[in-house]
Number of protein chains: 2
Amino acid sequence: MRTVTQDTITQAFLDYCGPDTDPRLRFLLEKLVGHIHDFAMETDLTHDEWRKGIEILTKAGEISTPERNEFVLLSDVLGLSSLVDMVNSPPKGTPSSVLGPFHILGAPDLPFGGNLKGDNDGASVIVSGIVQDLDGSPIKNAELEIWQTADNGLYSNQDPEQPEYNLRAHMAAGDDGRYMFTTVRPAPYTVPDDGPVGELLHATGRHPWRPSHLHFIITAPGYRTLVTEVFPNDDPYLDEDAVFGVREQLVMVYEEQRGKRGIPSGLLDPDDVTDPYYTVDFDFVLIQE
Amino acid sequence: MRTVTQDTITQAFLDYCGPDTDPRLRFLLEKLVGHIHDFAMETDLTHDEWRKGIEILTKAGEISTPERNEFVLLSDVLGLSSLVDMVNSPPKGTPSSVLGPFHILGAPDLPFGGNLKGDNDGASVIVSGIVQDLDGSPIKNAELEIWQTADNGLYSNQDPEQPEYNLRAHMAAGDDGRYMFTTVRPAPYTVPDDGPVGELLHATGRHPWRPSHLHFIITAPGYRTLVTEVFPNDDPYLDEDAVFGVREQLVMVYEEQRGKRGIPSGLLDPDDVTDPYYTVDFDFVLIQE
């Protein structure tokens, strides 16, 4: 391909790929490079704009650390991360949503009905629900991983003031699929906006806020693992999540409760529960593998 | 936009862009994000593939230095850099081609007919030609910057054995538009393939070679600056440049010469010229601004 032109360069790229190229890789590159080339041609991309793009990627590399990956953040705020969740979500069942960068392995076991709130500030929230299948039947041997921000909007691995596994737990659901725990309301928080992604947000008049949410990973033998988040219906950022994680089916309702009569007896110590407190009832629907 | 779906996420992204967003930036993002989203949907991109993509970008950041930018290299081997050259090239005149990462400022002046070869190994090459306009008339006050690899395939700023400005020069063309200098043949070389871009090349059965070339930047008052490269017609990599820089109009012919009778008298010292030596005649056509 001696003379490459705008009309031939995409094919020239494909012609370079050897016969032993993995077919899926070749397909991905064909689509990726086709779109990149179309982008440059449709926009008549200038050298200055190309340089700005290279600069954004270069700065993203410079600010990234093992704890903070600016490329993930870029993918998040462009909607790519959520879109990957969507294209891999089964059409039925509870939708998946962003795993995010704050999950860590090794969270301690919490028994059914246990207290995740501990010494954290904020009103008590009793979260409960059923892990069930598409027919509404409870799934046996389901397990949940739960993590969330504290009242200050920080996860334990962002905040040296918090114990390592603060507001993180692993829980086995009952044979009836039920789970329950007491916690505090998570707080809205901002994604990091002091790097090149922040510059992009500022240049487009966007804020870096995410609505508050509880993270869940739910597993059960024979079912697809569900990675998702659940958002309160009254969060001010529900309609403008910086990373596009909200789905209507992932919105929960905090019901305010006064007095402690409604607290399930024998499971939660009423002394552990604030007045008022809140209840959340949220069921998860898993899809068979 | 509470419920983002595959059908609505691209519009949701656009709706986030505030009214004060620069219109060109908004247009670029609309196209970029549209293509990124289409790519993910057309390929049903998996989480593992997304993670691999993030890993490639992360590794590219880690291996980049002020002297080596892996994102530029990625753009080069995907054909994006050349495509940006093409969409910004006027339809007539000498085509532009990759600036590349090896240009440095401050190259010393070389007079018309001067000797750039110096102590470099290799056969002498006398390069000459005319800087002219679309009508074939010589352009006055044209200036050329020239840089190239030595016989070992390395530029001076890659090779501690070479003087800082080895095989680099700035030359003023004559009032007749003519330029001329003696040099050595540049050598083919490989782009760096020890990073994530190299992994991509290997996975697709591609080699990292570029055909040998002379770099030029040509300026003249009232004319568009031309950044280009000129390739010999007998280079083994002419049809498979790893970065898609070759255009038919940028191919030059090395004419082998024996004896020294053809050496322009008074300008080049015959003692500076090997036997055989080579001549190259290459004219540049600039476009008025």
# chains A, B, ... in the order shown; residues from 1 in each chain; ligands from 1
call {"tool": "closest_atom_pairs", "arguments": {"of": "chain B", "to": "chain A", "cutoff": "7 Å", "atoms": "only C-alpha atoms", "output": "tab-separated table"}}
result
residue	atom	partner	partner_atom	distance
B:Met1	CA	A:Asp239	CA	5.0
B:Arg2	CA	A:Asp239	CA	4.6
B:Thr3	CA	A:Arg247	CA	4.3
B:Val4	CA	A:Arg247	CA	6.1
B:Gln6	CA	A:Leu83	CA	6.5
B:Ile9	CA	A:Gly79	CA	6.9
B:Phe13	CA	A:Leu78	CA	6.9
B:Tyr16	CA	A:Arg206	CA	6.3
B:Cys17	CA	A:Thr204	CA	4.9
B:Gly18	CA	A:Gly205	CA	4.7
B:Asp20	CA	A:Gly205	CA	7.0
B:Thr21	CA	A:Thr204	CA	4.9
B:Leu28	CA	A:Thr43	CA	6.7
B:Lys31	CA	A:Phe39	CA	6.3
B:Leu32	CA	A:Phe39	CA	6.2
B:Val33	CA	A:Leu78	CA	6.6
B:His35	CA	A:His35	CA	5.6
B:His37	CA	A:Leu80	CA	6.4
B:Phe39	CA	A:Leu32	CA	6.2
B:Ala40	CA	A:Val84	CA	6.7
B:Met41	CA	A:Val87	CA	6.6
B:Thr43	CA	A:Leu28	CA	6.7
B:Asp44	CA	A:Val87	CA	5.8
B:Leu45	CA	A:Val84	CA	6.2
B:Thr46	CA	A:Val84	CA	6.6
B:His47	CA	A:Val84	CA	6.5
B:Ile54	CA	A:Phe71	CA	6.3
B:Thr58	CA	A:Gly61	CA	6.3
B:Gly61	CA	A:Gly61	CA	4.0
B:Glu62	CA	A:Gly61	CA	6.5
B:Phe71	CA	A:Ile54	CA	6.3
B:Val72	CA	A:Ile54	CA	6.6
B:Leu78	CA	A:Val33	CA	6.6
B:Gly79	CA	A:Ile9	CA	6.9
B:Leu80	CA	A:His37	CA	6.4
B:Leu83	CA	A:Gln6	CA	6.5
B:Val84	CA	A:Leu45	CA	6.2
B:Met86	CA	A:Gln6	CA	6.7
B:Val87	CA	A:Asp44	CA	5.8
B:Asn88	CA	A:Thr46	CA	6.7
B:Ala203	CA	A:Thr21	CA	6.3
B:Thr204	CA	A:Thr21	CA	4.9
B:Gly205	CA	A:Gly18	CA	4.7
B:Arg206	CA	A:Tyr16	CA	6.3
B:Leu238	CA	A:Arg2	CA	6.4
B:Asp239	CA	A:Arg2	CA	4.5
B:Glu240	CA	A:Met1	CA	6.5
B:Phe244	CA	A:Val4	CA	6.8
B:Val246	CA	A:Arg2	CA	6.0
B:Arg247	CA	A:Thr3	CA	4.3
B:Glu248	CA	A:Thr3	CA	5.1
call {"tool": "write_last_selection", "arguments": {"atoms": "N, CA and C atoms", "output": "compact mmCIF listing (two decimals), in the first residue's frame"}}
result
# COMPACT_ATOMS: atom_id res chain seq x y z
N MET B 1 -31.96 12.59 33.24
CA MET B 1 -31.89 11.31 32.52
C MET B 1 -31.71 10.19 33.54
N ARG B 2 -32.84 9.81 34.17
CA ARG B 2 -32.74 8.84 35.25
C ARG B 2 -32.40 7.46 34.73
N THR B 3 -33.08 7.04 33.68
CA THR B 3 -32.83 5.71 33.13
C THR B 3 -32.04 5.84 31.84
N VAL B 4 -30.76 5.55 31.94
CA VAL B 4 -29.92 5.59 30.75
C VAL B 4 -29.98 4.21 30.11
N GLN B 6 -29.01 1.86 26.25
CA GLN B 6 -28.12 1.88 25.08
C GLN B 6 -28.60 2.89 24.05
N ILE B 9 -27.93 6.80 25.86
CA ILE B 9 -26.76 7.25 26.61
C ILE B 9 -25.96 8.30 25.83
N PHE B 13 -25.18 11.98 27.29
CA PHE B 13 -23.87 12.64 27.37
C PHE B 13 -23.96 14.07 26.82
N TYR B 16 -25.64 16.57 29.02
CA TYR B 16 -24.82 17.02 30.15
C TYR B 16 -23.98 18.24 29.79
N CYS B 17 -23.64 18.40 28.50
CA CYS B 17 -22.77 19.51 28.10
C CYS B 17 -23.53 20.82 28.24
N GLY B 18 -22.98 21.74 29.02
CA GLY B 18 -23.67 22.99 29.32
C GLY B 18 -23.72 23.93 28.13
N ASP B 20 -22.59 26.82 27.73
CA ASP B 20 -21.39 27.62 27.47
C ASP B 20 -20.25 26.79 26.88
N THR B 21 -20.53 25.52 26.57
CA THR B 21 -19.49 24.68 25.98
C THR B 21 -19.10 25.24 24.62
N LEU B 28 -16.81 18.06 18.53
CA LEU B 28 -15.79 16.99 18.59
C LEU B 28 -16.24 15.90 19.57
N LYS B 31 -19.10 13.73 18.17
CA LYS B 31 -18.63 12.72 17.23
C LYS B 31 -17.81 11.64 17.94
N LEU B 32 -16.90 12.07 18.81
CA LEU B 32 -16.03 11.11 19.50
C LEU B 32 -16.84 10.14 20.34
N VAL B 33 -17.72 10.68 21.15
CA VAL B 33 -18.49 9.82 22.06
C VAL B 33 -19.47 8.96 21.26
N HIS B 35 -18.95 7.75 18.32
CA HIS B 35 -18.17 6.63 17.76
C HIS B 35 -17.76 5.64 18.84
N HIS B 37 -19.33 4.98 21.62
CA HIS B 37 -20.53 4.22 22.00
C HIS B 37 -20.90 3.20 20.91
N PHE B 39 -18.93 1.83 18.81
CA PHE B 39 -17.93 0.76 18.87
C PHE B 39 -18.31 -0.27 19.93
N ALA B 40 -18.65 0.19 21.12
CA ALA B 40 -18.98 -0.74 22.21
C ALA B 40 -20.23 -1.56 21.87
N MET B 41 -21.21 -0.92 21.23
CA MET B 41 -22.45 -1.64 20.93
C MET B 41 -22.28 -2.60 19.75
N THR B 43 -19.68 -4.13 18.86
CA THR B 43 -18.81 -5.26 19.20
C THR B 43 -19.30 -6.03 20.41
N ASP B 44 -20.40 -5.56 21.05
CA ASP B 44 -20.79 -6.14 22.34
C ASP B 44 -19.55 -6.30 23.22
N LEU B 45 -18.86 -5.21 23.37
CA LEU B 45 -17.57 -5.20 24.09
C LEU B 45 -17.74 -5.82 25.48
N THR B 46 -16.90 -6.79 25.80
CA THR B 46 -17.01 -7.43 27.11
C THR B 46 -16.23 -6.64 28.17
N HIS B 47 -16.54 -6.95 29.42
CA HIS B 47 -15.79 -6.30 30.50
C HIS B 47 -14.29 -6.64 30.41
N ILE B 54 -8.19 -0.62 28.90
CA ILE B 54 -7.72 0.26 29.98
C ILE B 54 -6.27 -0.08 30.31
N THR B 58 -3.09 2.33 30.29
CA THR B 58 -2.34 2.51 31.54
C THR B 58 -0.86 2.22 31.32
N GLY B 61 0.82 4.95 29.45
CA GLY B 61 1.18 6.05 30.34
C GLY B 61 2.45 5.74 31.10
N GLU B 62 2.58 4.50 31.57
CA GLU B 62 3.73 4.15 32.39
C GLU B 62 5.05 4.18 31.60
N PHE B 71 1.45 7.25 23.38
CA PHE B 71 0.14 7.58 22.81
C PHE B 71 0.31 8.08 21.37
N VAL B 72 1.36 8.85 21.13
CA VAL B 72 1.66 9.27 19.75
C VAL B 72 1.94 8.04 18.90
N LEU B 78 -1.96 3.11 14.33
CA LEU B 78 -3.38 2.92 13.96
C LEU B 78 -3.73 3.75 12.72
N GLY B 79 -2.78 4.53 12.24
CA GLY B 79 -3.04 5.33 11.04
C GLY B 79 -3.68 6.68 11.33
N LEU B 80 -3.93 6.98 12.61
CA LEU B 80 -4.60 8.25 12.92
C LEU B 80 -3.70 9.44 12.61
N LEU B 83 -3.68 10.09 9.02
CA LEU B 83 -4.97 10.57 8.55
C LEU B 83 -5.15 12.05 8.89
N VAL B 84 -4.67 12.46 10.06
CA VAL B 84 -4.74 13.89 10.41
C VAL B 84 -3.90 14.70 9.42
N MET B 86 -3.46 13.89 6.35
CA MET B 86 -4.19 13.89 5.08
C MET B 86 -5.36 14.85 5.09
N VAL B 87 -6.14 14.84 6.16
CA VAL B 87 -7.33 15.71 6.14
C VAL B 87 -6.92 17.19 6.21
N ASN B 88 -5.69 17.45 6.62
CA ASN B 88 -5.22 18.83 6.66
C ASN B 88 -4.31 19.19 5.50
N ALA B 203 0.79 -8.96 18.22
CA ALA B 203 -0.46 -9.75 18.23
C ALA B 203 -1.13 -9.75 16.87
N THR B 204 -0.81 -8.75 16.04
CA THR B 204 -1.43 -8.69 14.72
C THR B 204 -0.44 -9.04 13.61
N GLY B 205 0.70 -9.60 14.01
CA GLY B 205 1.65 -10.06 13.00
C GLY B 205 2.30 -8.94 12.21
N ARG B 206 2.37 -7.75 12.81
CA ARG B 206 2.97 -6.61 12.10
C ARG B 206 4.41 -6.40 12.53
N LEU B 238 8.91 0.27 1.69
CA LEU B 238 8.14 1.36 1.10
C LEU B 238 6.63 1.07 1.08
N ASP B 239 6.28 -0.19 0.87
CA ASP B 239 4.87 -0.55 0.77
C ASP B 239 4.28 -1.00 2.10
N GLU B 240 5.06 -0.90 3.17
CA GLU B 240 4.55 -1.40 4.45
C GLU B 240 5.08 -0.57 5.62
N PHE B 244 2.23 4.42 8.14
CA PHE B 244 1.38 4.87 7.03
C PHE B 244 1.77 6.24 6.49
N VAL B 246 3.83 6.90 3.78
CA VAL B 246 4.25 6.99 2.37
C VAL B 246 3.11 7.46 1.47
N ARG B 247 3.44 8.38 0.56
CA ARG B 247 2.53 8.76 -0.53
C ARG B 247 3.35 8.66 -1.83
N GLU B 248 2.69 8.27 -2.89
CA GLU B 248 3.38 8.12 -4.17
C GLU B 248 4.17 9.38 -4.52
call {"tool": "residues_around", "arguments": {"residues": "B:Pro264", "least_positions_apart": "5", "cutoff": "12 Å", "atoms": "only C-alpha atoms", "output": "PDB file with N, CA and C atoms, in the first residue's frame"}}
result
ATOM      1  N   PHE B 112      23.845  26.826   0.923  1.00  0.00           N
ATOM      2  CA  PHE B 112      23.472  26.132  -0.306  1.00  0.00           C
ATOM      3  C   PHE B 112      24.642  25.274  -0.771  1.00  0.00           C
ATOM      4  N   GLY B 113      24.377  24.009  -1.036  1.00  0.00           N
ATOM      5  CA  GLY B 113      25.434  23.110  -1.492  1.00  0.00           C
ATOM      6  C   GLY B 113      26.299  22.551  -0.387  1.00  0.00           C
ATOM      7  N   GLY B 114      25.938  22.822   0.853  1.00  0.00           N
ATOM      8  CA  GLY B 114      26.799  22.456   1.972  1.00  0.00           C
ATOM      9  C   GLY B 114      26.840  20.966   2.255  1.00  0.00           C
ATOM     10  N   ILE B 126      23.789  13.481  -3.013  1.00  0.00           N
ATOM     11  CA  ILE B 126      23.585  14.910  -3.279  1.00  0.00           C
ATOM     12  C   ILE B 126      22.101  15.111  -3.530  1.00  0.00           C
ATOM     13  N   VAL B 127      21.468  15.824  -2.610  1.00  0.00           N
ATOM     14  CA  VAL B 127      20.021  16.062  -2.698  1.00  0.00           C
ATOM     15  C   VAL B 127      19.823  17.486  -3.184  1.00  0.00           C
ATOM     16  N   SER B 128      19.028  17.643  -4.221  1.00  0.00           N
ATOM     17  CA  SER B 128      18.766  18.996  -4.703  1.00  0.00           C
ATOM     18  C   SER B 128      17.384  19.057  -5.305  1.00  0.00           C
ATOM     19  N   MET B 180      20.294  22.568  -2.179  1.00  0.00           N
ATOM     20  CA  MET B 180      21.217  21.470  -2.480  1.00  0.00           C
ATOM     21  C   MET B 180      22.097  21.200  -1.268  1.00  0.00           C
ATOM     22  N   PHE B 181      22.287  19.932  -0.979  1.00  0.00           N
ATOM     23  CA  PHE B 181      23.233  19.570   0.096  1.00  0.00           C
ATOM     24  C   PHE B 181      23.703  18.143  -0.136  1.00  0.00           C
ATOM     25  N   THR B 182      24.844  17.831   0.462  1.00  0.00           N
ATOM     26  CA  THR B 182      25.357  16.457   0.435  1.00  0.00           C
ATOM     27  C   THR B 182      25.076  15.800   1.773  1.00  0.00           C
ATOM     28  N   ASP B 269      32.945  19.979  -2.614  1.00  0.00           N
ATOM     29  CA  ASP B 269      34.328  19.545  -2.742  1.00  0.00           C
ATOM     30  C   ASP B 269      34.321  18.078  -3.162  1.00  0.00           C
ATOM     31  N   PRO B 270      34.860  17.767  -4.344  1.00  0.00           N
ATOM     32  CA  PRO B 270      34.853  16.364  -4.795  1.00  0.00           C
ATOM     33  C   PRO B 270      35.467  15.426  -3.775  1.00  0.00           C
ATOM     34  N   VAL B 273      33.009  13.642  -1.559  1.00  0.00           N
ATOM     35  CA  VAL B 273      31.982  12.813  -2.187  1.00  0.00           C
ATOM     36  C   VAL B 273      32.547  11.423  -2.480  1.00  0.00           C
ATOM     37  N   THR B 279      22.597  10.774  -6.537  1.00  0.00           N
ATOM     38  CA  THR B 279      21.915  12.075  -6.615  1.00  0.00           C
ATOM     39  C   THR B 279      20.410  11.847  -6.483  1.00  0.00           C
TER      40      THR B 279
END
call {"tool": "select_by_dssp", "arguments": {"residues": "stretch 61-257 of chain A", "states": "strand (DSSP E or B)", "output": "ChimeraX atom specification"}}
result
/A:109,114-115,124-132,138,143-147,168-172,178-184,189-190,209-210,214-219,223,226-232,251-252,255-257
call {"tool": "write_last_selection", "arguments": {"atoms": "C-alpha atoms", "output": "mmCIF file, in the first residue's frame"}}
result
data_model
loop_
_atom_site.group_PDB
_atom_site.id
_atom_site.type_symbol
_atom_site.label_atom_id
_atom_site.label_comp_id
_atom_site.auth_asym_id
_atom_site.auth_seq_id
_atom_site.Cartn_x
_atom_site.Cartn_y
_atom_site.Cartn_z
ATOM 1 C CA ASP A 109 -18.488 -11.645 57.184
ATOM 2 C CA GLY A 114 -25.943 -7.627 61.371
ATOM 3 C CA ASN A 115 -24.786 -4.145 62.186
ATOM 4 C CA SER A 124 -29.646 4.137 60.795
ATOM 5 C CA VAL A 125 -30.864 2.445 57.651
ATOM 6 C CA ILE A 126 -32.178 -1.093 57.743
ATOM 7 C CA VAL A 127 -31.662 -2.572 54.285
ATOM 8 C CA SER A 128 -33.398 -5.825 53.473
ATOM 9 C CA GLY A 129 -34.752 -7.757 50.550
ATOM 10 C CA ILE A 130 -34.766 -11.052 48.730
ATOM 11 C CA VAL A 131 -32.404 -12.491 46.148
ATOM 12 C CA GLN A 132 -34.716 -14.223 43.719
ATOM 13 C CA PRO A 138 -35.932 -17.184 46.339
ATOM 14 C CA GLU A 143 -24.001 -14.319 48.813
ATOM 15 C CA LEU A 144 -23.698 -10.556 48.846
ATOM 16 C CA GLU A 145 -20.782 -8.201 48.997
ATOM 17 C CA ILE A 146 -21.713 -4.738 50.170
ATOM 18 C CA TRP A 147 -19.655 -1.529 50.221
ATOM 19 C CA ARG A 168 -17.822 -3.238 53.839
ATOM 20 C CA ALA A 169 -19.219 -6.687 54.399
ATOM 21 C CA HIS A 170 -19.799 -10.115 52.991
ATOM 22 C CA MET A 171 -23.163 -11.710 53.827
ATOM 23 C CA ALA A 172 -24.741 -15.073 53.121
ATOM 24 C CA ARG A 178 -33.426 -12.899 52.404
ATOM 25 C CA TYR A 179 -30.684 -10.516 53.435
ATOM 26 C CA MET A 180 -30.786 -7.756 56.036
ATOM 27 C CA PHE A 181 -28.327 -5.388 57.676
ATOM 28 C CA THR A 182 -28.219 -2.031 59.425
ATOM 29 C CA THR A 183 -26.046 0.692 58.005
ATOM 30 C CA VAL A 184 -25.958 4.458 57.458
ATOM 31 C CA TYR A 189 -19.557 12.304 46.331
ATOM 32 C CA THR A 190 -17.479 13.724 43.524
ATOM 33 C CA TRP A 209 -21.079 14.458 41.473
ATOM 34 C CA ARG A 210 -22.396 10.956 41.745
ATOM 35 C CA LEU A 214 -24.909 1.158 47.942
ATOM 36 C CA HIS A 215 -22.676 -1.205 45.967
ATOM 37 C CA PHE A 216 -23.535 -4.887 45.710
ATOM 38 C CA ILE A 217 -21.941 -7.920 44.132
ATOM 39 C CA ILE A 218 -24.346 -10.843 44.310
ATOM 40 C CA THR A 219 -23.372 -14.407 43.514
ATOM 41 C CA TYR A 223 -26.591 -17.751 38.311
ATOM 42 C CA LEU A 226 -24.538 -9.350 39.422
ATOM 43 C CA VAL A 227 -22.380 -6.246 39.981
ATOM 44 C CA THR A 228 -24.615 -3.299 40.671
ATOM 45 C CA GLU A 229 -25.426 -0.192 42.682
ATOM 46 C CA VAL A 230 -28.678 0.933 44.298
ATOM 47 C CA PHE A 231 -29.610 4.623 44.513
ATOM 48 C CA PRO A 232 -32.058 6.433 46.820
ATOM 49 C CA VAL A 251 -33.734 3.175 42.566
ATOM 50 C CA MET A 252 -34.675 2.324 46.150
ATOM 51 C CA GLU A 255 -38.882 4.965 54.233
ATOM 52 C CA GLU A 256 -38.590 7.100 57.337
ATOM 53 C CA GLN A 257 -39.645 5.272 60.524
#
call {"tool": "atom_distance", "arguments": {"atom1": "atom CA of A:Thr274", "atom2": "atom CA of A:Ser212"}}
result
20.0 Å
call {"tool": "closest_residue", "arguments": {"among": "A:Ala220, A:Ala107, A:Leu74, A:Leu286", "to": "A:Asn141", "atoms": "only C-alpha atoms"}}
result
A:Ala220
call {"tool": "atom_distance", "arguments": {"atom1": "atom CA of B:Ala187", "atom2": "atom CA of B:Gln148"}}
result
8.6 Å
call {"tool": "residues_around", "arguments": {"residues": "B:Arg258", "least_positions_apart": "3", "cutoff": "8 Å", "atoms": "only C-alpha atoms", "output": "NGL selection string"}}
result
:B and (275-277)
call {"tool": "write_last_selection", "arguments": {"atoms": "N, CA and C atoms", "output": "compact mmCIF listing (two decimals), in the first residue's frame"}}
result
# COMPACT_ATOMS: atom_id res chain seq x y z
N ASP B 275 32.67 7.56 -4.18
CA ASP B 275 32.51 7.05 -5.55
C ASP B 275 32.20 5.57 -5.45
N PRO B 276 31.05 5.06 -5.83
CA PRO B 276 29.99 5.87 -6.43
C PRO B 276 29.30 6.77 -5.39
N TYR B 277 28.56 7.73 -5.91
CA TYR B 277 27.70 8.54 -5.05
C TYR B 277 26.30 8.53 -5.68
call {"tool": "atom_distance", "arguments": {"atom1": "atom CA of B:Lys117", "atom2": "atom CA of B:Val191"}}
result
23.9 Å
call {"tool": "closest_residue", "arguments": {"among": "B:Pro160, B:Pro23, B:Gly195, B:Pro90", "to": "B:Thr225", "atoms": "only C-alpha atoms"}}
result
B:Pro90
call {"tool": "decode", "arguments": {"residues": "stretch 220-275 of chain B", "atoms": "C-alpha atoms", "output": "compact mmCIF listing (two decimals), in the first residue's frame"}}
result
# COMPACT_ATOMS: atom_id res chain seq x y z
CA ALA B 220 8.08 30.56 2.79
CA PRO B 221 6.31 33.89 3.36
CA GLY B 222 2.75 33.73 2.07
CA TYR B 223 2.74 29.91 1.80
CA ARG B 224 1.45 27.12 4.02
CA THR B 225 4.21 25.42 5.97
CA LEU B 226 4.90 21.95 4.64
CA VAL B 227 5.92 19.19 7.06
CA THR B 228 6.82 16.11 5.10
CA GLU B 229 9.12 13.15 4.49
CA VAL B 230 10.67 11.85 1.28
CA PHE B 231 11.26 8.13 0.72
CA PRO B 232 13.62 6.30 -1.67
CA ASN B 233 11.94 4.22 -4.31
CA ASP B 234 14.03 1.14 -3.57
CA ASP B 235 13.37 0.89 0.18
CA PRO B 236 12.22 -2.60 1.21
CA TYR B 237 9.57 -1.15 3.54
CA LEU B 238 8.14 1.36 1.10
CA ASP B 239 4.87 -0.55 0.77
CA GLU B 240 4.55 -1.40 4.45
CA ASP B 241 5.46 1.65 6.51
CA ALA B 242 4.41 0.88 10.12
CA VAL B 243 3.02 4.40 10.47
CA PHE B 244 1.38 4.87 7.03
CA GLY B 245 3.51 7.86 6.02
CA VAL B 246 4.25 6.99 2.37
CA ARG B 247 2.53 8.76 -0.53
CA GLU B 248 3.38 8.12 -4.17
CA GLN B 249 4.24 11.82 -4.58
CA LEU B 250 6.81 11.56 -1.76
CA VAL B 251 8.93 8.89 -3.39
CA MET B 252 12.34 10.00 -4.63
CA VAL B 253 14.83 8.19 -6.83
CA TYR B 254 18.46 7.69 -5.84
CA GLU B 255 20.44 7.84 -9.08
CA GLU B 256 23.78 6.08 -8.78
CA GLN B 257 26.68 8.11 -10.21
CA ARG B 258 30.19 6.86 -10.95
CA GLY B 259 33.13 9.17 -11.32
CA LYS B 260 32.85 12.70 -10.07
CA ARG B 261 32.37 14.59 -13.31
CA GLY B 262 28.73 15.41 -12.54
CA ILE B 263 29.43 17.07 -9.23
CA PRO B 264 28.41 20.73 -9.44
CA SER B 265 31.63 22.71 -9.67
CA GLY B 266 32.54 25.19 -7.00
CA LEU B 267 29.88 24.10 -4.59
CA LEU B 268 30.77 20.63 -3.42
CA ASP B 269 34.33 19.54 -2.74
CA PRO B 270 34.85 16.36 -4.79
CA ASP B 271 36.97 15.06 -1.96
CA ASP B 272 33.86 15.07 0.22
CA VAL B 273 31.98 12.81 -2.19
CA THR B 274 32.26 9.02 -2.32
CA ASP B 275 32.51 7.05 -5.55
